[in-house]
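S.K.: What follows is a structure written as structure tokens; I'll ask about it next.
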Amino acid sequence: SSNTVLITGGASGIGFALAERFLIAGSEVIVCGRREEKLREAQIKYPNLHIRVCDVSHSSDRVSLFEWVTREFPKLNILVNNAGIQRRFQIAQNSDWEKIEEELAINLDAPIHLSTLFIPHLLKQEHPAILNITSGLAFAPMASAPVYCATKAALRSFTLSLRHQLSATPISVIEIIPPTVNTDLGGKGIHTTGTPLNEFADAVVDQLKKGSVEIAYGFSAQSSRASREELNEMFKRMNQVQR
């Protein structure tokens with residue numbers, strides 16, 4: 001409660017579920033995303049939700065977002081790097097570099113860039129935090145989503161380094177590690193057998209209240225703590241029917 005929170009990709013999925021919980025707890029929440037219609041739908045449900053159209057795949061949009069948010073909401077103290085896309089494709093059959101580059105930009109460039117932009121501002125706030133959304137697939141990748149898994153592994157590495165570098169500052173660096181969650185990530189209907197969204201979001205909030213800096217659930221709790229041998233077995237099981 002009593003925070004001012006920016007959530008990228010916050011109009012749907014995990015981002016919106018977290019936005020709901022921050023709002024209900026009594027925080028001021030800003031969400032951004034590429035699709036204005038989804039942002040408007042979110043704001044209709046929660047009229048006190050602030051929205052901003054922003055494509056975080058473009059560095060200029062990230063800078064504009066930072067300048068607008070810190071001007072309009074000078075008490076902003078929490079950045080949630082949630083925006084992400086997942087493409088499933090065969091590397092040998094894919095020649096569309098623009099789509100690969102977009103996935104890299106949204107999933108990895110954006111959270112790193114936004115963190116560097118916001119850190120000087122966050123250092124001046126009370127109870128500041130950066131929350132990075134990674135994935136259980138950062139530990140045992142699903143070969144059909146090669147770039148997504150690689151970006152999440154890289155973001156986890158960055159998060160660990162960022163937490164170490166900021167350990168002497170007031171900024172908390174928190175990693176949220178979802179399992180497969182029932183959202184539209186990767187395409188509509190793909191994750192319908194995943195963990196229910198509200199169940200996962202409630203578990204995240206419970207761990208945030210306890211002060212956890214690494215929050216995993218379900219499969220991601222297993223993969224994030226598994227031995228190398230266990231990860232090898234997970235990888236084989238996940239990918240045994242894929243070619």
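Note on naming: chains are A, B, ... as they come in the structure tokens, residues start from 1 per chain, ligands start from 1 in the order shown.
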Give me the residues near Ile112 in chain A as a list in words, where near means some atom within 9 Å (using only C-alpha atoms) and where sequence neighbours in that chain fewer than 3 positions away do not count.
M.R.: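 Counting only C-alpha atoms, the residues come to Asn81, Leu108, Asp109, Ser115, Thr116, Leu117, Leu155 and Phe158 of chain A.
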S.K.: Which polymer residues have any atom within 12 Å of an atom of Ser212 in chain A, counting only C-alpha atoms, with same-chain residues fewer than 6 positions away left out, as a ChimeraX atom specification?
M.R.: /A:131,172-177,203-206
S.K.: Per DSSP on the backbone, filter range 10-233 of chain A down to the residues in helix (DSSP H, G or I) and report them as a ChimeraX atom specification.
M.R.: /A:13-25,36-45,59-72,91-93,97-122,136-138,146-165,197-209,219-223,228-233
S.K.: Please, which residues in range 114-220 of chain A fall within 7 Å of range 63-79 of chain A when counting only C-alpha atoms, and what is the closest atom pair and distance in Å to one decimal for each, ordered by chain then residue number, as CSV?
M.R.:
```
residue,atom,partner,partner_atom,distance
A:Leu117,CA,A:Phe66,CA,7.0
A:Leu122,CA,A:Asn77,CA,5.7
A:Gln125,CA,A:Asn77,CA,5.7
A:Glu126,CA,A:Asn77,CA,6.8
A:His127,CA,A:Asn77,CA,6.7
A:Pro128,CA,A:Asn77,CA,4.6
A:Ala129,CA,A:Ile78,CA,4.9
A:Ile130,CA,A:Leu79,CA,4.9
A:Leu131,CA,A:Leu79,CA,6.2
```
S.K.: Filtering to N, CA and C atoms, could you give me those residues as an mmCIF file, in the first residue's frame?
M.R.:
```cif
data_model
loop_
_atom_site.group_PDB
_atom_site.id
_atom_site.type_symbol
_atom_site.label_atom_id
_atom_site.label_comp_id
_atom_site.auth_asym_id
_atom_site.auth_seq_id
_atom_site.Cartn_x
_atom_site.Cartn_y
_atom_site.Cartn_z
ATOM 1 N N LEU A 117 17.403 4.096 -16.509
ATOM 2 C CA LEU A 117 16.744 5.404 -16.520
ATOM 3 C C LEU A 117 16.177 5.754 -15.147
ATOM 4 N N LEU A 122 14.681 6.700 -8.436
ATOM 5 C CA LEU A 122 14.288 5.821 -7.329
ATOM 6 C C LEU A 122 15.145 6.045 -6.091
ATOM 7 N N GLN A 125 13.544 8.234 -3.535
ATOM 8 C CA GLN A 125 12.214 7.914 -3.044
ATOM 9 C C GLN A 125 12.266 7.060 -1.777
ATOM 10 N N GLU A 126 11.113 6.968 -1.106
ATOM 11 C CA GLU A 126 10.999 6.090 0.048
ATOM 12 C C GLU A 126 10.584 4.696 -0.409
ATOM 13 N N HIS A 127 11.218 3.688 0.145
ATOM 14 C CA HIS A 127 10.924 2.279 -0.142
ATOM 15 C C HIS A 127 10.923 1.980 -1.642
ATOM 16 N N PRO A 128 11.986 2.335 -2.354
ATOM 17 C CA PRO A 128 12.012 2.085 -3.795
ATOM 18 C C PRO A 128 12.309 0.624 -4.114
ATOM 19 N N ALA A 129 11.811 0.184 -5.276
ATOM 20 C CA ALA A 129 12.037 -1.197 -5.693
ATOM 21 C C ALA A 129 11.950 -1.318 -7.205
ATOM 22 N N ILE A 130 12.708 -2.273 -7.725
ATOM 23 C CA ILE A 130 12.605 -2.693 -9.121
ATOM 24 C C ILE A 130 12.214 -4.164 -9.107
ATOM 25 N N LEU A 131 11.103 -4.492 -9.759
ATOM 26 C CA LEU A 131 10.644 -5.874 -9.864
ATOM 27 C C LEU A 131 10.809 -6.331 -11.299
#
```
S.K.: For the structure I just gave you, how does DSSP split range 45-192 of chain A - specifically, which residues are strand (DSSP E or B)? Reply as number ranges by chain.
M.R.: A: 50-53, 78-81, 129-133, 172-177, 181
S.K.: How far is it from CA of Tyr46 in chain A to CA of Phe22 in chain A, in Å with one decimal?
M.R.: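 Computing it gives 11.7 Å between the two atoms.
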S.K.: Please identify all polymer residues within 7 Å of range 82-87 of chain A, counting only C-alpha atoms, omitting same-chain residues fewer than 5 positions from it, and present them as an mmCIF file with N, CA and C atoms, in the first residue's frame.
M.R.:
```cif
data_model
loop_
_atom_site.group_PDB
_atom_site.id
_atom_site.type_symbol
_atom_site.label_atom_id
_atom_site.label_comp_id
_atom_site.auth_asym_id
_atom_site.auth_seq_id
_atom_site.Cartn_x
_atom_site.Cartn_y
_atom_site.Cartn_z
ATOM 1 N N ILE A 7 3.893 -0.304 -14.091
ATOM 2 C CA ILE A 7 3.969 -1.676 -14.572
ATOM 3 C C ILE A 7 3.949 -1.660 -16.095
ATOM 4 N N THR A 8 5.010 -2.126 -16.713
ATOM 5 C CA THR A 8 5.028 -2.223 -18.172
ATOM 6 C C THR A 8 4.241 -3.464 -18.588
ATOM 7 N N GLY A 9 3.579 -3.368 -19.744
ATOM 8 C CA GLY A 9 2.731 -4.482 -20.167
ATOM 9 C C GLY A 9 1.654 -4.781 -19.148
ATOM 10 N N GLY A 15 0.810 -8.665 -15.561
ATOM 11 C CA GLY A 15 0.934 -7.243 -15.265
ATOM 12 C C GLY A 15 -0.353 -6.652 -14.729
ATOM 13 N N GLU A 103 11.550 -9.202 -30.122
ATOM 14 C CA GLU A 103 11.446 -10.013 -28.913
ATOM 15 C C GLU A 103 12.612 -9.725 -27.968
ATOM 16 N N ILE A 106 11.969 -6.094 -26.402
ATOM 17 C CA ILE A 106 10.913 -6.009 -25.382
ATOM 18 C C ILE A 106 11.301 -6.767 -24.121
ATOM 19 N N ASN A 107 11.839 -7.966 -24.292
ATOM 20 C CA ASN A 107 12.097 -8.836 -23.143
ATOM 21 C C ASN A 107 13.374 -8.513 -22.384
ATOM 22 N N ASN A 132 11.599 -7.364 -11.512
ATOM 23 C CA ASN A 132 11.795 -7.924 -12.846
ATOM 24 C C ASN A 132 11.074 -9.268 -12.945
ATOM 25 N N ILE A 133 10.278 -9.423 -13.993
ATOM 26 C CA ILE A 133 9.551 -10.669 -14.221
ATOM 27 C C ILE A 133 10.390 -11.543 -15.153
ATOM 28 N N ALA A 145 10.610 -22.064 -27.894
ATOM 29 C CA ALA A 145 10.601 -20.606 -27.690
ATOM 30 C C ALA A 145 12.028 -20.164 -27.363
ATOM 31 N N TYR A 148 12.749 -16.271 -26.334
ATOM 32 C CA TYR A 148 12.086 -15.948 -25.070
ATOM 33 C C TYR A 148 12.879 -16.517 -23.889
ATOM 34 N N LEU A 185 0.073 -15.124 -23.208
ATOM 35 C CA LEU A 185 1.470 -15.060 -23.635
ATOM 36 C C LEU A 185 1.750 -16.186 -24.622
ATOM 37 N N GLY A 186 2.360 -15.830 -25.756
ATOM 38 C CA GLY A 186 2.686 -16.830 -26.756
ATOM 39 C C GLY A 186 1.554 -17.113 -27.726
#
```
S.K.: For range 226-235 of chain A, list every protein, DNA or RNA residue within 12 Å, evaluated using only C-alpha atoms, and leave out those in the same chain fewer than 6 positions away; present the list as a PyMOL selection string.
M.R.: chain A and resi 136-144+149+219-220+241-242
S.K.: So, with only C-alpha atoms as the atoms that count, which of A:His50, A:Ile100, A:Leu18, A:Ile215 lies closest to Asn198 in chain A?
M.R.: A:Leu18
S.K.: Select, from A:Ala11, A:Ala17, A:Ala25, A:Leu114, the residue with the minimum atom-to-atom distance to Val53 in chain A, counting only C-alpha atoms.
M.R.: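 Comparing A:Ala11, A:Ala17, A:Ala25, A:Leu114 against Val53 in chain A, the winner is A:Ala11.
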S.K.: With distances taken over only C-alpha atoms, which of A:Thr134, A:Ser224, A:Ser57, A:Ser12 is nearest to Gln43 in chain A?
M.R.: A:Ser12
S.K.: Between A:Leu39, A:Ile51, A:Ala150, A:Leu123, which residue has the minimum interatomic distance to Thr169 in chain A, considering only C-alpha atoms?
M.R.: A:Leu123
S.K.: In terms of the shortest atom-to-atom distance over only C-alpha atoms, which of A:Lys99, A:Gly26, A:Ser1, A:Gly13 is closest to Phe200 in chain A?
M.R.: A:Gly13
S.K.: Report as a list in words all protein, DNA and RNA residues lying within 8 Å of Ser59 in chain A, evaluated on only C-alpha atoms, omitting residues in the same chain fewer than 3 positions from it.
M.R.: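 Non-adjacent residues within range: Val56, Arg62, Val63, Ala110 and His113 of chain A.
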S.K.: Could you write those residues out with N, CA and C atoms, as a PDB file, in the first residue's frame?
M.R.:
```pdb
ATOM      1  N   VAL A  56       7.644  -0.428 -25.637  1.00  0.00           N
ATOM      2  CA  VAL A  56       8.959  -0.484 -25.003  1.00  0.00           C
ATOM      3  C   VAL A  56      10.010  -1.153 -25.885  1.00  0.00           C
ATOM      4  N   ARG A  62      10.825   4.440 -24.445  1.00  0.00           N
ATOM      5  CA  ARG A  62      11.219   4.236 -23.044  1.00  0.00           C
ATOM      6  C   ARG A  62      11.617   5.563 -22.401  1.00  0.00           C
ATOM      7  N   VAL A  63      12.375   6.354 -23.130  1.00  0.00           N
ATOM      8  CA  VAL A  63      12.799   7.653 -22.603  1.00  0.00           C
ATOM      9  C   VAL A  63      11.588   8.552 -22.385  1.00  0.00           C
ATOM     10  N   ALA A 110      14.475  -3.556 -22.932  1.00  0.00           N
ATOM     11  CA  ALA A 110      13.586  -2.645 -22.211  1.00  0.00           C
ATOM     12  C   ALA A 110      13.806  -2.664 -20.698  1.00  0.00           C
ATOM     13  N   HIS A 113      17.221  -1.027 -19.932  1.00  0.00           N
ATOM     14  CA  HIS A 113      17.213   0.403 -20.207  1.00  0.00           C
ATOM     15  C   HIS A 113      16.365   1.155 -19.186  1.00  0.00           C
TER      16      HIS A 113
END
```
